[in-house]
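Novice: Input file: final_32.tsv. Contents: TSV, C-alpha atoms and all ligand atoms.
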```
chain	number	residue	atom	x	y	z
A	1	MET	CA	84.18	-82.57	110.95
A	2	ALA	CA	85.24	-83.82	107.55
A	3	ASN	CA	87.29	-81.71	105.15
A	4	ARG	CA	88.20	-79.14	107.74
A	5	PRO	CA	91.62	-78.58	109.25
A	6	LEU	CA	91.96	-78.96	113.01
A	7	GLY	CA	94.04	-76.58	115.05
A	8	THR	CA	94.62	-74.04	112.33
A	9	SER	CA	91.73	-71.60	112.87
A	10	HIS	CA	92.72	-68.01	113.50
A	11	LYS	CA	89.51	-67.50	115.51
A	12	PRO	CA	89.08	-70.73	117.44
A	13	TRP	CA	86.39	-69.18	119.66
A	14	GLU	CA	84.13	-69.07	116.59
A	15	ASP	CA	84.68	-72.75	115.96
A	16	GLN	CA	83.03	-75.26	118.24
A	17	SER	CA	84.98	-78.36	117.23
A	18	GLU	CA	86.86	-80.36	119.88
A	19	GLY	CA	90.21	-79.51	118.36
A	20	SER	CA	89.61	-75.80	118.56
A	21	GLU	CA	88.47	-75.99	122.16
A	22	ASN	CA	91.86	-77.48	122.84
A	23	LEU	CA	93.42	-74.43	121.23
A	24	VAL	CA	91.66	-72.11	123.67
A	25	ARG	CA	92.01	-74.11	126.87
A	26	GLY	CA	95.34	-75.68	126.23
A	27	GLY	CA	95.79	-79.39	126.54
A	28	GLY	CA	96.68	-82.25	124.33
A	29	GLY	CA	95.04	-84.13	121.57
A	30	TRP	CA	95.41	-85.27	118.05
A	31	LEU	CA	96.27	-82.85	115.31
A	32	ALA	CA	95.56	-83.55	111.69
A	33	ALA	CA	98.20	-82.19	109.35
A	34	GLY	CA	95.92	-81.18	106.53
A	35	PHE	CA	92.28	-82.14	106.32
A	36	LEU	CA	90.42	-84.88	108.14
A	37	LYS	CA	89.90	-87.24	105.25
A	38	PRO	CA	91.29	-90.63	104.39
A	39	GLY	CA	95.04	-90.33	104.16
A	40	ALA	CA	95.25	-87.54	106.77
A	41	ARG	CA	98.20	-87.76	109.11
A	42	LEU	CA	97.31	-87.78	112.79
A	43	MET	CA	99.78	-87.14	115.55
A	44	GLN	CA	99.59	-86.65	119.28
A	45	THR	CA	100.11	-83.00	120.19
A	46	LYS	CA	100.46	-80.60	123.07
A	47	THR	CA	98.53	-77.45	122.29
A	48	ILE	CA	98.81	-74.22	124.25
A	49	ALA	CA	97.54	-70.75	123.40
A	50	LEU	CA	99.91	-67.93	124.31
A	51	PRO	CA	98.93	-64.28	123.96
A	52	LYS	CA	100.18	-61.67	121.56
A	53	LEU	CA	101.81	-59.06	123.81
A	54	ASN	CA	100.16	-55.72	123.06
A	55	ASN	CA	102.18	-53.54	125.42
A	56	LEU	CA	105.45	-54.11	123.60
A	57	SER	CA	106.90	-53.22	120.20
A	58	PRO	CA	109.09	-56.25	119.60
A	59	SER	CA	111.56	-56.50	116.75
A	60	LEU	CA	113.34	-59.52	115.33
A	61	GLU	CA	116.49	-58.51	117.18
A	62	SER	CA	114.82	-57.80	120.53
A	63	THR	CA	112.90	-61.08	120.49
A	64	ALA	CA	116.02	-63.01	119.46
A	65	ILE	CA	117.95	-61.54	122.37
A	66	LYS	CA	115.03	-62.17	124.72
A	67	LEU	CA	114.81	-65.78	123.53
A	68	MET	CA	118.45	-66.34	124.36
A	69	GLU	CA	117.97	-64.66	127.74
A	70	GLU	CA	115.02	-66.89	128.56
A	71	ALA	CA	116.83	-69.99	127.32
A	72	GLY	CA	119.65	-69.04	129.69
A	73	GLU	CA	117.19	-68.71	132.57
A	74	LEU	CA	115.80	-72.13	131.73
A	75	GLY	CA	119.27	-73.61	131.76
A	76	ALA	CA	120.04	-71.84	135.03
A	77	ALA	CA	116.85	-73.16	136.60
A	78	ILE	CA	117.73	-76.70	135.59
A	79	GLY	CA	121.30	-76.36	136.77
A	80	LYS	CA	120.64	-74.51	140.01
A	81	PHE	CA	117.47	-76.19	141.18
A	82	ARG	CA	118.51	-79.68	140.19
A	83	GLY	CA	121.64	-79.19	142.27
A	84	LEU	CA	124.03	-79.39	139.32
A	85	ASN	CA	126.06	-76.44	140.62
A	86	GLY	CA	126.78	-78.15	143.94
A	87	GLU	CA	124.52	-75.88	146.01
A	88	LYS	CA	122.10	-77.45	148.45
A	89	VAL	CA	118.56	-77.49	147.05
A	90	ASP	CA	115.75	-76.78	149.51
A	91	LEU	CA	112.91	-77.29	147.04
A	92	THR	CA	111.00	-80.49	146.49
A	93	ASN	CA	111.36	-82.20	143.14
A	94	GLN	CA	107.85	-81.02	142.29
A	95	GLU	CA	108.71	-77.40	143.10
A	96	VAL	CA	111.86	-77.68	141.01
A	97	ALA	CA	109.90	-79.08	138.09
A	98	ARG	CA	107.31	-76.29	138.34
A	99	THR	CA	110.05	-73.64	138.35
A	100	ILE	CA	111.57	-75.23	135.25
A	101	GLY	CA	108.09	-75.29	133.66
A	102	ARG	CA	107.65	-71.55	134.32
A	103	GLU	CA	110.96	-70.79	132.62
A	104	LEU	CA	110.05	-73.06	129.73
A	105	LEU	CA	106.82	-71.07	129.27
A	106	ASP	CA	108.92	-67.88	129.12
A	107	VAL	CA	110.88	-69.47	126.27
A	108	ALA	CA	107.66	-70.50	124.52
A	109	GLN	CA	106.10	-67.04	125.00
A	110	THR	CA	109.14	-65.40	123.45
A	111	ALA	CA	109.09	-67.85	120.55
A	112	ILE	CA	105.43	-67.01	119.96
A	113	THR	CA	106.20	-63.29	120.10
A	114	MET	CA	108.91	-63.82	117.49
A	115	MET	CA	106.42	-65.68	115.29
A	116	PHE	CA	104.10	-62.64	115.42
A	117	VAL	CA	107.06	-60.46	114.43
A	118	LEU	CA	107.89	-62.73	111.49
A	119	GLU	CA	104.26	-62.75	110.34
A	120	GLU	CA	103.54	-59.05	110.75
A	121	GLN	CA	106.86	-57.45	109.88
A	122	PHE	CA	108.27	-59.97	107.42
A	123	HIS	CA	105.06	-61.56	106.04
A	124	VAL	CA	106.21	-65.06	106.86
A	125	ASP	CA	103.42	-67.65	106.68
A	126	ILE	CA	104.05	-69.60	109.88
A	127	ASN	CA	101.23	-72.06	109.12
A	128	SER	CA	102.84	-73.16	105.88
A	129	LEU	CA	106.20	-73.42	107.64
A	130	LEU	CA	104.48	-75.56	110.26
A	131	GLU	CA	103.49	-78.10	107.61
A	132	GLN	CA	107.07	-78.18	106.34
A	133	HIS	CA	108.25	-78.55	109.93
A	134	VAL	CA	106.08	-81.63	110.45
A	135	ASP	CA	107.29	-83.04	107.11
A	136	LYS	CA	110.86	-82.58	108.33
A	137	LEU	CA	110.15	-84.36	111.63
A	138	ILE	CA	108.74	-87.32	109.71
A	139	ARG	CA	111.61	-87.33	107.20
A	140	LYS	CA	114.19	-87.33	110.00
A	141	GLY	CA	112.45	-90.20	111.75
A	142	TYR	CA	111.41	-88.25	114.86
A	143	LEU	CA	107.71	-88.70	114.19
A	144	SER	CA	105.59	-91.55	112.86
A	145	PRO	CA	102.10	-90.20	112.25
A	146	VAL	CA	99.02	-92.39	112.19
A	147	PHE	CA	97.41	-92.37	108.78
A	148	LEU	CA	93.65	-92.14	108.73
A	149	GLU	CA	92.42	-94.96	106.52
A	150	ASN	CA	88.65	-94.82	106.42
A	151	ASP	CA	86.06	-92.77	108.28
A	152	PRO	CA	87.46	-89.48	109.67
A	153	ASP	CA	85.27	-89.95	112.76
A	154	ASP	CA	87.35	-93.04	113.63
A	155	ALA	CA	89.91	-90.67	115.10
A	156	LYS	CA	87.52	-89.29	117.71
A	157	GLY	CA	87.58	-92.29	119.99
A	158	ARG	CA	91.28	-92.89	119.82
A	159	ASN	CA	92.98	-93.11	123.20
A	160	TYR	CA	96.34	-91.56	123.88
B	1	MG	MG	112.35	-66.31	132.58
```
Here is the file; what I need is its structure written in the form of structure tokens.

Specialist:
Amino acid sequence: MANRPLGTSHKPWEDQSEGSENLVRGGGGWLAAGFLKPGARLMQTKTIALPKLNNLSPSLESTAIKLMEEAGELGAAIGKFRGLNGEKVDLTNQEVARTIGRELLDVAQTAITMMFVLEEQFHVDINSLLEQHVDKLIRKGYLSPVFLENDPDDAKGRNY
């Protein structure tokens, strides 16, 4: 477990660690930014695996437009099904929340598709951008990671 990044494997099915199982199944857990060694930053995460769509030929422009379309559908779902437009809502709160969740997954799927486009067509290293992204969240005060002080295995039993 030591000296190995969690959640960054390109072939998680070849890796039997707990973190990688989370990548395949989806779920939550702790993600180490960097390697599991003293000084590693740990943060609670939500990990989902979304597929690369192999029946499409997406471009930066088409995915950008699709992302806006899906964001609009998400906004519409929130507005319509939460009754913000004044219409009577016949769905339960749970059904409304599930509909919103479905639209949110459409947004996430499109974002993932755009990441594949950036990697494959523009050679952008999303993993290195991800580290910078986490640094930014910390710098802006949105995230306070837990710093691993001693034994990397200490993190295993942590509750969240
Ligand atoms: Mg949609």

Novice: Could you report the residues within 6 Å of ligand MG 1 (chain B), using all atoms listed in the file, as a VMD selection string?

Specialist: chain A and resid 70 73 103 106

Novice: Can I get the selected residues back with C-alpha atoms, as a PDB file, keeping the file's coordinate frame?

Specialist:
```
ATOM      1  CA  GLU A  70     115.020 -66.890 128.560  1.00  0.00           C
ATOM      2  CA  GLU A  73     117.190 -68.710 132.570  1.00  0.00           C
ATOM      3  CA  GLU A 103     110.960 -70.790 132.620  1.00  0.00           C
ATOM      4  CA  ASP A 106     108.920 -67.880 129.120  1.00  0.00           C
TER       5      ASP A 106
END
```

Novice: Which residues are near Ser57 of chain A? Cut-off 12 Å, all atoms listed in the file, ignore same chain within fewer than 5 positions. Put them as a VMD selection string.

Specialist: chain A and resid 52 62 to 63 113 to 114 116 to 117 120 to 121

Novice: What does the structure give for the distance between atom CA of Leu42 of chain A and atom CA of Phe147 of chain A, in Å to one decimal?

Specialist: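 Taking atom CA of Leu42 of chain A as the start and atom CA of Phe147 of chain A as the end point, the length is 6.1 Å.
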
Novice: Measuring atom to atom with all atoms listed in the file, identify which of A:Lys136, A:Leu74, A:Gln109, A:Asn54 is nearest to Val96 of chain A.

Specialist: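 Using all atoms listed in the file, the shortest distance to Val96 of chain A belongs to A:Leu74.
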
Novice: Provide the atom CA of Lys88 of chain A to atom CA of Leu105 of chain A distance in Å, to one decimal place.

Specialist: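 Separating atom CA of Lys88 of chain A from atom CA of Leu105 of chain A is a distance of 25.3 Å.
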
Novice: In Å to one decimal, how far is atom CA of Val107 of chain A from atom CA of Ile65 of chain A?

Specialist: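 Computing it gives 11.3 Å between the two atoms.
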
Novice: Give the answer as one residue: which of A:Thr45, A:Asn55, A:Gln132, A:Gln94 has the shortest atom-to-atom distance to Arg82 of chain A, using only C-alpha atoms?

Specialist: A:Gln94

Novice: Calculated over only C-alpha atoms, which of the candidates A:Ile78, A:Asp90, A:Ile112, A:Leu84 has the smallest distance to Leu50 of chain A?

Specialist: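 Closest to Leu50 of chain A, using only C-alpha atoms: A:Ile112.
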
Novice: Measuring atom to atom with only C-alpha atoms, identify which of A:Asp125, A:Leu130, A:Thr110, A:Leu143 is nearest to Pro58 of chain A.

Specialist: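 Going through A:Asp125, A:Leu130, A:Thr110, A:Leu143 one by one, the smallest distance to Pro58 of chain A is for A:Thr110.
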
Novice: Counting all atoms listed in the file, which of A:Arg41, A:Ala64, A:Ile100, A:Thr92 gets nearest to Met115 of chain A?

Specialist: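 Among the listed residues, the smallest separation from Met115 of chain A belongs to A:Ala64.
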
Novice: Find the residues near Asn85 of chain A: any atom within 12 Å, counting all atoms listed in the file, skip ones fewer than 5 places away on the same chain, and give them as a list in words.

Specialist: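 Listed by chain and then number, they are Gly75, Ala76, Ala77, Ile78, Gly79 and Lys80 of chain A.
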